[in-house]
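The structure appears right after this line, and notes come after that.
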Amino acid sequence: MIVRSSGADGNIWVTSRKAFGKRAARRDLSRRDHVLDPAREPPLGAHLVTPRRGYMHHGIYVGRGRVVQYGGLSHGLRRGPVEEVALLQFARGRPIWLRLEEPRQFVRDEVVHRARARLGEDRYNVLTNNCEHFCEWCVRGEPRSHQVDGLFAMCCRARRGLVAVLVRSLFPWRNSARVGAD
């Protein structure tokens, strides 16, 4: 079951018991993402997104039912190369969204050419060279992962919160001096 609803931050929340587990919700889809109609072929060079356990997987549609993806961790703990796979293999029985990216740096044929030019590359790194980095590079010319950016931002907020708690615990007189000054 997939449930889509807009959050206050403008992102679309996706909850899927099948794809993510019982209580998980994902914020990795945005308003620019639209569910792919299974009866229609995606546009050539389309940036495709499909849920996996704990993350969203990305690929580039190259025509004739084929997708170029960074295999990454799709082969288990063994990392995989950039490969061309069937659309059904890419989806693994899960829904697929089209990421409608504007502005696009390259025309659709060039996106396909860029994706295929990296076939066989085997330098996957979950933080610096993952499937989303690959697709963003193909479409925009800039390797970027919004999922990794969000993870780093969350870690920074957690670290700031932890430091604040430690400071209050280790230096309680600073808090009482501040309260008395108000």
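Residue numbering restarts at 1 for every chain of the structure tokens, chains are lettered A, B, ... in their displayed order, and ligands are numbered from 1 as they appear.
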Find the spatial neighbours of range 81-87 of chain A, counting only C-alpha atoms, within a cut-off of 9 Å - ignore same-chain residues fewer than 4 positions away - and output them as a list in words. Tyr61, Val62, Arg64, Gly65, Arg66, Val67, Val68, Gln69, Tyr70, Gly71, Gly72, Ala91, Arg92, Ala115, Arg116, Arg118, Leu119, Gly120, Glu121, Asp122, Arg123, Tyr124, Cys131 and Phe134 of chain A
Looking only at the backbone, which of the residues in range 67-152 of chain A does DSSP tag as strand (DSSP E), as a list in words? Val67, Val68, Gln69, Tyr70, Gly71, Gly72, Gly80, Pro81, Val82, Glu83, Glu84, Val85, Ala86, Trp97, Leu98 and Arg99 of chain A
With N, CA and C atoms retained, write the just-selected residues as a short mmCIF file (atom, residue, chain, number, x, y, z; two decimals), in the first residue's frame.
```cif
data_model
loop_
_atom_site.label_atom_id
_atom_site.label_comp_id
_atom_site.auth_asym_id
_atom_site.auth_seq_id
_atom_site.Cartn_x
_atom_site.Cartn_y
_atom_site.Cartn_z
N VAL A 67 16.60 0.56 -18.43
CA VAL A 67 17.01 1.63 -17.50
C VAL A 67 18.50 1.47 -17.22
N VAL A 68 19.23 2.58 -17.23
CA VAL A 68 20.62 2.56 -16.79
C VAL A 68 20.62 3.02 -15.34
N GLN A 69 21.23 2.21 -14.48
CA GLN A 69 21.26 2.48 -13.05
C GLN A 69 22.66 2.21 -12.52
N TYR A 70 22.98 2.83 -11.40
CA TYR A 70 24.19 2.44 -10.67
C TYR A 70 23.76 1.28 -9.79
N GLY A 71 24.26 0.09 -10.07
CA GLY A 71 23.86 -1.10 -9.33
C GLY A 71 24.02 -0.94 -7.83
N GLY A 72 25.08 -0.26 -7.43
CA GLY A 72 25.29 0.04 -6.02
C GLY A 72 25.06 -1.15 -5.12
N GLY A 80 27.69 -2.79 -6.96
CA GLY A 80 27.52 -3.12 -8.37
C GLY A 80 27.89 -1.95 -9.25
N PRO A 81 28.19 -2.23 -10.52
CA PRO A 81 28.59 -1.18 -11.48
C PRO A 81 27.38 -0.47 -12.08
N VAL A 82 27.65 0.53 -12.91
CA VAL A 82 26.61 1.12 -13.74
C VAL A 82 26.23 0.06 -14.76
N GLU A 83 24.92 -0.20 -14.86
CA GLU A 83 24.45 -1.29 -15.71
C GLU A 83 23.13 -0.92 -16.36
N GLU A 84 22.83 -1.58 -17.47
CA GLU A 84 21.55 -1.41 -18.14
C GLU A 84 20.70 -2.62 -17.82
N VAL A 85 19.50 -2.38 -17.28
CA VAL A 85 18.61 -3.46 -16.85
C VAL A 85 17.20 -3.21 -17.40
N ALA A 86 16.38 -4.25 -17.37
CA ALA A 86 14.97 -4.12 -17.76
C ALA A 86 14.25 -3.24 -16.75
N TRP A 97 8.30 6.40 -9.93
CA TRP A 97 7.95 7.79 -10.13
C TRP A 97 8.86 8.40 -11.19
N LEU A 98 8.31 9.34 -11.96
CA LEU A 98 9.09 10.14 -12.89
C LEU A 98 9.50 11.41 -12.16
N ARG A 99 10.77 11.73 -12.18
CA ARG A 99 11.23 12.99 -11.60
C ARG A 99 11.29 14.00 -12.73
#
```
Top pick for closest residue to Glu136 in chain A, considering A:Arg94, A:Glu101, A:Arg52, A:Leu44 and counting only C-alpha atoms: A:Glu101
Any idea what the distance is between CA of Asn129 in chain A and CA of Gln147 in chain A? 12.1 Å
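Interatomic distance, CA of Leu162 in chain A against CA of Ser145 in chain A: 25.8 Å.
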Neighbours of Val139 in chain A within 10 Å (only C-alpha atoms; same-chain residues fewer than 3 positions away dropped), as a list in words?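 Residues meeting the cut-off are Gly45, Ala46, His47, Ile60, Glu101, Glu102, Pro103, Arg104, Gln105, Phe106, Val107, Arg108, Glu110, Val111, Val112, Arg114, Ala115, Phe134, Cys135, Glu136, Glu142 and Pro143 of chain A.
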